[in-house]
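Trainee: Dropping the structure in here first, questions after.
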Amino acid sequence: MPRAGRRVRLAPSLLSADFADLAAAIREAEAGGADAFHLDVMDGHFVPNITFGPALVRAVRGRTKLPLDIHLMIDRPARYATAFAEAGGDTIVFHVEAADPVEEAIAAIEATGKAVGAAVRPETPLDALRPFAPRLDQVLVMTVSPGFSGQRFRAEVLPKIREASELRGRLRPGADVSVDGGVTLETAPAAVAEGASFLVCGNSVFARGNVAENLGALRRAAGG
Ligand code: DX5
Ligand code: ZN
């Protein structure tokens with residue numbers, strides 16, 4: 001279960017929203033009780049898809065006071081950390097599988113003064129980030145292959161969510177275990193049961209129905 005006294009936070013992923021009307025998506029998600037926004041940056045190298053860069057992060061920053069969780073699915077996170085920090089990101093999350101060494105990515109994010117997150121693909125063990133645990137504010141466990149929203153949650157990753165939450169005592173104080181990919185009313189309870197404290201929700205918030213109602217239902221599924 002999440003740590004006592006702190007409820008699970010919900011971070012809608014804007015990748016699933018209407019890019020032509022992001023302001024409305026942000027408004028609706030805020031009104032529905034979102035705790036943060038998750039922004040998926042893809043470079044066409046680390047993953048096959050291309051999404052957006054710092055300019056869009058800056059535009060989103062202008063529309064909300066909520067924390068912005070920047071998920072860098074790019075090969076060179078160290079090179080771009082400053083740009084995303086200056087654009088208004090609050091947590092900069094890099095992948096341990098990226099081309100830049102983990103030490104360099106962390107040092108670059110630390111230099112910006114922003115919170116540091118380390119992400120792992122579904123098939124990557126936590127070993128690569130363990131030595132750096134005391135410098136991490138977030139461990140992001142991916143439950144789909146990075147690149148696209150709307151994929152099915154991979155239940156075989158649940159034990160790794162548990163492992164990441166067991167690492168919590170060694171992470172920075174207040175650190176989150178984030179789960180990203182295929183989080184729905186059906187899968188959120190299992191992720192929370194394994195210790196997730198931060199749930200990224202794309203299609204389950206934006207793909208159909210009413211954003212605020214979707215968030216309310218996810219909130220209940222995550223334990224209130
Ligand atoms: C996938 C992204 C996810 C994705 C989540 O590469 O990292 O954040 O947008 O979308 P859903 O919740 O639809 O899987
Ligand atoms: Zn993501």
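Identifiers in the structure tokens: chain A, B, ... in order shown; residue index from 1 per chain; ligand index from 1 in order shown.
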Do you know which residues are within 10 Å of ligand 2 using only C-alpha atoms and all ligand atoms? Can you write them as a short mmCIF file (atom, residue, chain, number, x, y, z; two decimals) with all heavy atoms, in the first residue's frame?
Mentor:
data_model
loop_
_atom_site.label_atom_id
_atom_site.label_comp_id
_atom_site.auth_asym_id
_atom_site.auth_seq_id
_atom_site.Cartn_x
_atom_site.Cartn_y
_atom_site.Cartn_z
N ALA A 11 -1.93 11.43 -12.49
CA ALA A 11 -1.32 12.34 -13.45
C ALA A 11 -1.82 12.01 -14.86
O ALA A 11 -1.32 11.08 -15.50
CB ALA A 11 0.20 12.24 -13.39
N PRO A 12 -2.82 12.74 -15.35
CA PRO A 12 -3.27 12.51 -16.73
C PRO A 12 -2.13 12.76 -17.72
O PRO A 12 -1.37 13.72 -17.58
CB PRO A 12 -4.38 13.56 -16.91
CG PRO A 12 -4.85 13.87 -15.53
CD PRO A 12 -3.63 13.73 -14.65
N SER A 13 -2.02 11.87 -18.70
CA SER A 13 -1.01 12.00 -19.74
C SER A 13 -1.62 12.74 -20.93
O SER A 13 -2.56 12.26 -21.57
CB SER A 13 -0.52 10.63 -20.19
OG SER A 13 0.17 10.76 -21.42
N LEU A 14 -1.05 13.91 -21.25
CA LEU A 14 -1.62 14.74 -22.30
C LEU A 14 -1.46 14.12 -23.69
O LEU A 14 -2.08 14.57 -24.64
CB LEU A 14 -1.02 16.14 -22.25
CG LEU A 14 -1.40 16.95 -20.99
CD1 LEU A 14 -0.70 18.30 -20.98
CD2 LEU A 14 -2.93 17.15 -20.91
N LEU A 15 -0.65 13.07 -23.79
CA LEU A 15 -0.51 12.38 -25.08
C LEU A 15 -1.85 11.86 -25.58
O LEU A 15 -2.06 11.74 -26.79
CB LEU A 15 0.49 11.22 -24.91
CG LEU A 15 0.86 10.42 -26.14
CD1 LEU A 15 1.46 11.32 -27.21
CD2 LEU A 15 1.85 9.30 -25.78
N HIS A 38 1.30 14.64 -16.90
CA HIS A 38 2.42 13.84 -17.40
C HIS A 38 2.58 14.17 -18.88
O HIS A 38 1.62 14.11 -19.64
CB HIS A 38 2.06 12.37 -17.18
CG HIS A 38 3.10 11.39 -17.62
ND1 HIS A 38 4.13 10.97 -16.81
CD2 HIS A 38 3.25 10.71 -18.79
CE1 HIS A 38 4.86 10.08 -17.45
NE2 HIS A 38 4.36 9.90 -18.65
N LEU A 39 3.81 14.52 -19.27
CA LEU A 39 4.07 14.90 -20.66
C LEU A 39 5.11 13.96 -21.27
O LEU A 39 6.24 13.86 -20.77
CB LEU A 39 4.55 16.36 -20.74
CG LEU A 39 3.41 17.37 -20.50
CD1 LEU A 39 3.33 17.79 -19.06
CD2 LEU A 39 3.61 18.60 -21.38
N ASP A 40 4.69 13.28 -22.33
CA ASP A 40 5.51 12.24 -22.96
C ASP A 40 6.31 12.80 -24.12
O ASP A 40 5.76 13.07 -25.19
CB ASP A 40 4.60 11.11 -23.43
CG ASP A 40 4.02 10.32 -22.28
OD1 ASP A 40 4.81 9.77 -21.50
OD2 ASP A 40 2.78 10.27 -22.14
N VAL A 41 7.61 12.92 -23.92
CA VAL A 41 8.50 13.46 -24.95
C VAL A 41 9.18 12.29 -25.66
O VAL A 41 9.85 11.48 -25.02
CB VAL A 41 9.56 14.38 -24.30
CG1 VAL A 41 10.52 14.90 -25.35
CG2 VAL A 41 8.88 15.52 -23.55
N MET A 42 9.00 12.20 -26.98
CA MET A 42 9.57 11.09 -27.76
C MET A 42 10.34 11.65 -28.94
O MET A 42 9.88 12.59 -29.60
CB MET A 42 8.45 10.18 -28.26
CG MET A 42 7.54 9.66 -27.15
SD MET A 42 6.36 8.46 -27.77
CE MET A 42 5.26 8.31 -26.35
N ASP A 69 5.19 16.58 -14.98
CA ASP A 69 6.04 15.39 -14.91
C ASP A 69 6.49 15.11 -16.35
O ASP A 69 5.67 14.75 -17.20
CB ASP A 69 5.11 14.26 -14.38
CG ASP A 69 5.81 12.99 -14.04
OD1 ASP A 69 6.82 13.04 -13.33
OD2 ASP A 69 5.31 11.91 -14.45
N ILE A 70 7.78 15.35 -16.62
CA ILE A 70 8.26 15.27 -18.00
C ILE A 70 8.93 13.92 -18.22
O ILE A 70 10.01 13.65 -17.66
CB ILE A 70 9.27 16.41 -18.31
CG1 ILE A 70 8.76 17.77 -17.83
CG2 ILE A 70 9.61 16.41 -19.80
CD1 ILE A 70 7.50 18.25 -18.51
N HIS A 71 8.32 13.08 -19.03
CA HIS A 71 8.81 11.72 -19.27
C HIS A 71 9.61 11.73 -20.57
O HIS A 71 9.04 11.74 -21.66
CB HIS A 71 7.60 10.77 -19.36
CG HIS A 71 7.96 9.33 -19.55
ND1 HIS A 71 7.00 8.35 -19.77
CD2 HIS A 71 9.15 8.70 -19.54
CE1 HIS A 71 7.60 7.18 -19.90
NE2 HIS A 71 8.91 7.36 -19.77
N LEU A 72 10.93 11.74 -20.42
CA LEU A 72 11.81 11.84 -21.58
C LEU A 72 12.08 10.46 -22.17
O LEU A 72 12.91 9.71 -21.65
CB LEU A 72 13.14 12.51 -21.19
CG LEU A 72 13.07 13.96 -20.71
CD1 LEU A 72 14.47 14.46 -20.37
CD2 LEU A 72 12.41 14.86 -21.76
N MET A 73 11.40 10.13 -23.24
CA MET A 73 11.70 8.89 -23.98
C MET A 73 12.59 9.29 -25.14
O MET A 73 12.20 9.24 -26.31
CB MET A 73 10.39 8.24 -24.43
CG MET A 73 9.68 7.57 -23.25
SD MET A 73 7.96 7.19 -23.59
CE MET A 73 7.24 8.77 -23.17
N VAL A 93 12.12 13.08 -15.95
CA VAL A 93 12.28 11.62 -15.86
C VAL A 93 13.04 11.13 -17.09
O VAL A 93 12.60 11.36 -18.21
CB VAL A 93 10.90 10.94 -15.79
CG1 VAL A 93 11.07 9.44 -15.55
CG2 VAL A 93 10.02 11.57 -14.72
N ALA A 119 13.26 6.06 -15.19
CA ALA A 119 12.24 5.15 -15.73
C ALA A 119 12.87 3.88 -16.26
O ALA A 119 14.02 3.89 -16.73
CB ALA A 119 11.48 5.85 -16.86
N LEU A 140 9.99 5.44 -12.14
CA LEU A 140 8.83 5.23 -13.02
C LEU A 140 8.92 3.82 -13.63
O LEU A 140 9.87 3.52 -14.35
CB LEU A 140 8.80 6.30 -14.12
CG LEU A 140 7.59 6.25 -15.06
CD1 LEU A 140 7.30 7.64 -15.62
CD2 LEU A 140 7.78 5.28 -16.21
N VAL A 141 7.96 3.01 -13.28
CA VAL A 141 7.92 1.64 -13.79
C VAL A 141 6.94 1.62 -14.96
O VAL A 141 5.74 1.88 -14.79
CB VAL A 141 7.46 0.66 -12.68
CG1 VAL A 141 7.37 -0.76 -13.23
CG2 VAL A 141 8.42 0.71 -11.49
N MET A 142 7.45 1.30 -16.14
CA MET A 142 6.56 1.25 -17.31
C MET A 142 5.87 -0.09 -17.40
O MET A 142 6.51 -1.15 -17.29
CB MET A 142 7.35 1.54 -18.58
CG MET A 142 7.76 3.00 -18.65
SD MET A 142 7.70 3.66 -20.32
CE MET A 142 5.95 3.61 -20.69
N THR A 143 4.57 -0.04 -17.63
CA THR A 143 3.78 -1.27 -17.73
C THR A 143 3.27 -1.49 -19.16
O THR A 143 2.41 -2.34 -19.38
CB THR A 143 2.62 -1.23 -16.71
OG1 THR A 143 2.09 0.10 -16.66
CG2 THR A 143 3.11 -1.59 -15.32
N VAL A 144 3.81 -0.69 -20.09
CA VAL A 144 3.65 -0.95 -21.53
C VAL A 144 5.00 -0.60 -22.16
O VAL A 144 5.83 0.07 -21.54
CB VAL A 144 2.55 -0.07 -22.20
CG1 VAL A 144 1.19 -0.31 -21.57
CG2 VAL A 144 2.92 1.41 -22.16
N SER A 145 5.20 -1.01 -23.42
CA SER A 145 6.42 -0.60 -24.12
C SER A 145 6.29 0.88 -24.45
O SER A 145 5.27 1.29 -25.02
CB SER A 145 6.58 -1.37 -25.42
OG SER A 145 6.95 -2.68 -25.12
N PRO A 146 7.31 1.68 -24.13
CA PRO A 146 7.18 3.11 -24.38
C PRO A 146 7.00 3.39 -25.87
O PRO A 146 7.54 2.69 -26.72
CB PRO A 146 8.51 3.68 -23.86
CG PRO A 146 9.44 2.53 -23.74
CD PRO A 146 8.60 1.31 -23.53
N GLY A 147 6.22 4.41 -26.17
CA GLY A 147 6.05 4.83 -27.56
C GLY A 147 4.64 5.26 -27.90
O GLY A 147 4.45 6.17 -28.69
N PHE A 148 3.65 4.60 -27.30
CA PHE A 148 2.26 4.88 -27.68
C PHE A 148 1.33 4.73 -26.49
O PHE A 148 1.57 3.87 -25.63
CB PHE A 148 1.82 3.91 -28.79
CG PHE A 148 2.67 4.04 -30.02
CD1 PHE A 148 3.78 3.22 -30.19
CD2 PHE A 148 2.39 5.00 -30.99
CE1 PHE A 148 4.60 3.35 -31.31
CE2 PHE A 148 3.21 5.13 -32.11
CZ PHE A 148 4.31 4.31 -32.28
N SER A 149 0.28 5.54 -26.48
CA SER A 149 -0.75 5.39 -25.45
C SER A 149 -1.74 4.33 -25.90
O SER A 149 -1.70 3.86 -27.04
CB SER A 149 -1.45 6.73 -25.21
OG SER A 149 -2.00 7.17 -26.42
N SER A 178 6.08 5.56 -9.58
CA SER A 178 5.11 5.92 -10.60
C SER A 178 4.89 4.72 -11.52
O SER A 178 5.84 4.00 -11.84
CB SER A 178 5.71 7.11 -11.37
OG SER A 178 4.99 7.38 -12.52
N VAL A 179 3.65 4.54 -11.93
CA VAL A 179 3.32 3.45 -12.86
C VAL A 179 2.70 4.07 -14.10
O VAL A 179 1.80 4.91 -14.01
CB VAL A 179 2.37 2.43 -12.19
CG1 VAL A 179 1.85 1.43 -13.21
CG2 VAL A 179 3.11 1.70 -11.07
N ASP A 180 3.22 3.67 -15.26
CA ASP A 180 2.85 4.34 -16.51
C ASP A 180 2.58 3.31 -17.60
O ASP A 180 3.46 2.55 -17.99
CB ASP A 180 4.01 5.26 -16.93
CG ASP A 180 3.71 6.07 -18.19
OD1 ASP A 180 2.54 6.07 -18.63
OD2 ASP A 180 4.65 6.69 -18.71
N GLY A 181 1.33 3.32 -18.10
CA GLY A 181 0.97 2.48 -19.23
C GLY A 181 -0.19 1.56 -18.92
O GLY A 181 -0.09 0.70 -18.06
N VAL A 200 0.04 7.31 -13.83
CA VAL A 200 -0.10 8.04 -15.08
C VAL A 200 -1.29 7.44 -15.83
O VAL A 200 -1.39 6.21 -15.96
CB VAL A 200 1.18 7.90 -15.93
CG1 VAL A 200 1.00 8.57 -17.30
CG2 VAL A 200 2.37 8.48 -15.18
N CYS A 201 -2.20 8.29 -16.30
CA CYS A 201 -3.42 7.78 -16.93
C CYS A 201 -3.65 8.54 -18.23
O CYS A 201 -3.90 9.75 -18.20
CB CYS A 201 -4.63 8.00 -16.04
SG CYS A 201 -4.38 7.56 -14.32
N GLY A 202 -3.57 7.85 -19.35
CA GLY A 202 -3.79 8.50 -20.64
C GLY A 202 -5.17 8.24 -21.18
O GLY A 202 -6.11 9.00 -20.94
#
Trainee: Skip A:Val57 itself and residues of its chain fewer than 5 positions away, then list as a PyMOL selection string all residues within 8 Å of it, counting only C-alpha atoms.
Mentor: chain A and resi 39+84+87-89
Trainee: Name the residues of chain A that fall into strand (DSSP E or B) according to DSSP on the backbone, using the chain letters and numbers of this document, as a VMD selection string.
Mentor: chain A and resid 9 to 13 37 to 43 50 68 to 73 91 to 95 115 to 120 138 to 142 176 to 180 198 to 201
Trainee: Tell me which protein, DNA and RNA residues are within 9 Å of stretch 19-32 of chain A, counting only C-alpha atoms, leaving out same-chain ones fewer than 2 positions away, and put them as a PyMOL selection string.
Mentor: chain A and resi 12+14-17+34-37+60+63-64+66+205-206+210-216
Trainee: Write the selection just made, keeping N, CA, C and O atoms, as a PDB file, in the first residue's frame?
Mentor:
ATOM      1  N   PRO A  12      -2.817  12.736 -15.353  1.00  0.00           N
ATOM      2  CA  PRO A  12      -3.268  12.513 -16.730  1.00  0.00           C
ATOM      3  C   PRO A  12      -2.128  12.756 -17.721  1.00  0.00           C
ATOM      4  O   PRO A  12      -1.367  13.721 -17.576  1.00  0.00           O
ATOM      5  N   LEU A  14      -1.054  13.908 -21.246  1.00  0.00           N
ATOM      6  CA  LEU A  14      -1.622  14.741 -22.304  1.00  0.00           C
ATOM      7  C   LEU A  14      -1.464  14.124 -23.687  1.00  0.00           C
ATOM      8  O   LEU A  14      -2.081  14.570 -24.645  1.00  0.00           O
ATOM      9  N   LEU A  15      -0.653  13.074 -23.790  1.00  0.00           N
ATOM     10  CA  LEU A  15      -0.507  12.381 -25.078  1.00  0.00           C
ATOM     11  C   LEU A  15      -1.851  11.858 -25.579  1.00  0.00           C
ATOM     12  O   LEU A  15      -2.056  11.740 -26.789  1.00  0.00           O
ATOM     13  N   SER A  16      -2.758  11.545 -24.671  1.00  0.00           N
ATOM     14  CA  SER A  16      -4.060  11.008 -25.068  1.00  0.00           C
ATOM     15  C   SER A  16      -5.106  12.103 -25.270  1.00  0.00           C
ATOM     16  O   SER A  16      -6.250  11.797 -25.613  1.00  0.00           O
ATOM     17  N   ALA A  17      -4.727  13.353 -25.017  1.00  0.00           N
ATOM     18  CA  ALA A  17      -5.694  14.449 -25.154  1.00  0.00           C
ATOM     19  C   ALA A  17      -5.699  14.969 -26.588  1.00  0.00           C
ATOM     20  O   ALA A  17      -4.856  14.598 -27.407  1.00  0.00           O
ATOM     21  N   ALA A  34      -7.155  16.283 -11.035  1.00  0.00           N
ATOM     22  CA  ALA A  34      -5.808  15.798 -11.381  1.00  0.00           C
ATOM     23  C   ALA A  34      -4.797  16.384 -10.397  1.00  0.00           C
ATOM     24  O   ALA A  34      -4.950  17.502  -9.910  1.00  0.00           O
ATOM     25  N   ASP A  35      -3.759  15.609 -10.102  1.00  0.00           N
ATOM     26  CA  ASP A  35      -2.724  16.060  -9.163  1.00  0.00           C
ATOM     27  C   ASP A  35      -1.499  16.604  -9.875  1.00  0.00           C
ATOM     28  O   ASP A  35      -0.676  17.299  -9.272  1.00  0.00           O
ATOM     29  N   ALA A  36      -1.334  16.243 -11.140  1.00  0.00           N
ATOM     30  CA  ALA A  36      -0.165  16.647 -11.921  1.00  0.00           C
ATOM     31  C   ALA A  36      -0.508  16.353 -13.375  1.00  0.00           C
ATOM     32  O   ALA A  36      -1.527  15.714 -13.659  1.00  0.00           O
ATOM     33  N   PHE A  37       0.339  16.825 -14.293  1.00  0.00           N
ATOM     34  CA  PHE A  37       0.213  16.408 -15.693  1.00  0.00           C
ATOM     35  C   PHE A  37       1.486  15.696 -16.100  1.00  0.00           C
ATOM     36  O   PHE A  37       2.593  16.081 -15.697  1.00  0.00           O
ATOM     37  N   VAL A  60       2.016  24.467 -22.056  1.00  0.00           N
ATOM     38  CA  VAL A  60       1.211  23.828 -21.003  1.00  0.00           C
ATOM     39  C   VAL A  60       1.472  24.527 -19.666  1.00  0.00           C
ATOM     40  O   VAL A  60       0.550  24.779 -18.887  1.00  0.00           O
ATOM     41  N   ARG A  63      -0.655  27.297 -18.726  1.00  0.00           N
ATOM     42  CA  ARG A  63      -2.077  27.038 -18.515  1.00  0.00           C
ATOM     43  C   ARG A  63      -2.394  26.343 -17.204  1.00  0.00           C
ATOM     44  O   ARG A  63      -3.566  26.093 -16.918  1.00  0.00           O
ATOM     45  N   THR A  64      -1.385  25.965 -16.437  1.00  0.00           N
ATOM     46  CA  THR A  64      -1.682  25.245 -15.190  1.00  0.00           C
ATOM     47  C   THR A  64      -0.599  25.484 -14.153  1.00  0.00           C
ATOM     48  O   THR A  64       0.570  25.704 -14.503  1.00  0.00           O
ATOM     49  N   LEU A  66      -0.358  23.109 -11.757  1.00  0.00           N
ATOM     50  CA  LEU A  66      -0.061  21.752 -11.272  1.00  0.00           C
ATOM     51  C   LEU A  66       1.357  21.346 -11.689  1.00  0.00           C
ATOM     52  O   LEU A  66       1.879  21.822 -12.698  1.00  0.00           O
ATOM     53  N   VAL A 205      -8.364   8.471 -19.094  1.00  0.00           N
ATOM     54  CA  VAL A 205      -8.900   9.796 -18.754  1.00  0.00           C
ATOM     55  C   VAL A 205      -9.495  10.484 -19.990  1.00  0.00           C
ATOM     56  O   VAL A 205     -10.586  11.052 -19.921  1.00  0.00           O
ATOM     57  N   PHE A 206      -8.773  10.411 -21.121  1.00  0.00           N
ATOM     58  CA  PHE A 206      -9.132  11.267 -22.253  1.00  0.00           C
ATOM     59  C   PHE A 206      -9.810  10.584 -23.434  1.00  0.00           C
ATOM     60  O   PHE A 206     -10.387  11.256 -24.276  1.00  0.00           O
ATOM     61  N   ASN A 210     -16.427  11.418 -20.011  1.00  0.00           N
ATOM     62  CA  ASN A 210     -16.213  12.729 -19.412  1.00  0.00           C
ATOM     63  C   ASN A 210     -14.941  12.704 -18.555  1.00  0.00           C
ATOM     64  O   ASN A 210     -14.768  11.818 -17.728  1.00  0.00           O
ATOM     65  N   VAL A 211     -14.070  13.664 -18.782  1.00  0.00           N
ATOM     66  CA  VAL A 211     -12.750  13.662 -18.126  1.00  0.00           C
ATOM     67  C   VAL A 211     -12.884  13.647 -16.596  1.00  0.00           C
ATOM     68  O   VAL A 211     -12.225  12.863 -15.912  1.00  0.00           O
ATOM     69  N   ALA A 212     -13.726  14.510 -16.062  1.00  0.00           N
ATOM     70  CA  ALA A 212     -13.858  14.583 -14.599  1.00  0.00           C
ATOM     71  C   ALA A 212     -14.442  13.287 -14.037  1.00  0.00           C
ATOM     72  O   ALA A 212     -13.988  12.782 -12.997  1.00  0.00           O
ATOM     73  N   GLU A 213     -15.416  12.736 -14.736  1.00  0.00           N
ATOM     74  CA  GLU A 213     -15.987  11.461 -14.265  1.00  0.00           C
ATOM     75  C   GLU A 213     -14.951  10.350 -14.343  1.00  0.00           C
ATOM     76  O   GLU A 213     -14.858   9.508 -13.441  1.00  0.00           O
ATOM     77  N   ASN A 214     -14.193  10.327 -15.412  1.00  0.00           N
ATOM     78  CA  ASN A 214     -13.154   9.302 -15.542  1.00  0.00           C
ATOM     79  C   ASN A 214     -12.141   9.407 -14.402  1.00  0.00           C
ATOM     80  O   ASN A 214     -11.729   8.394 -13.817  1.00  0.00           O
ATOM     81  N   LEU A 215     -11.758  10.645 -14.091  1.00  0.00           N
ATOM     82  CA  LEU A 215     -10.784  10.829 -13.008  1.00  0.00           C
ATOM     83  C   LEU A 215     -11.381  10.426 -11.656  1.00  0.00           C
ATOM     84  O   LEU A 215     -10.703   9.823 -10.828  1.00  0.00           O
ATOM     85  N   GLY A 216     -12.658  10.750 -11.457  1.00  0.00           N
ATOM     86  CA  GLY A 216     -13.326  10.365 -10.205  1.00  0.00           C
ATOM     87  C   GLY A 216     -13.351   8.853 -10.035  1.00  0.00           C
ATOM     88  O   GLY A 216     -13.081   8.325  -8.949  1.00  0.00           O
TER      89      GLY A 216
END
Trainee: I'd like to know which of A:Arg162, A:Arg152, A:Arg170, A:Arg61 is closest to ligand 1, using only C-alpha atoms and all ligand atoms.
Mentor: A:Arg152
Trainee: Between atom CA of A:Ala78 and atom CA of A:Glu104, measure the distance and give it in Å to one decimal.
Mentor: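 About the pair atom CA of A:Ala78 and atom CA of A:Glu104: they are 6.1 Å apart.
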Trainee: Please identify the alpha helix (DSSP H) residues within stretch 2-223 of chain A (assignment by DSSP from backbone atoms) and present them as a PyMOL selection string.
Mentor: chain A and resi 22-31+54-61+77-86+102-112+158-166+188-193+203-206+211-221
Trainee: Using Å and a single decimal, report how far atom CA of A:Thr124 sits from atom CA of A:Ala222.
Mentor: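 Rounded to one decimal, the two atoms are 25.3 Å apart.
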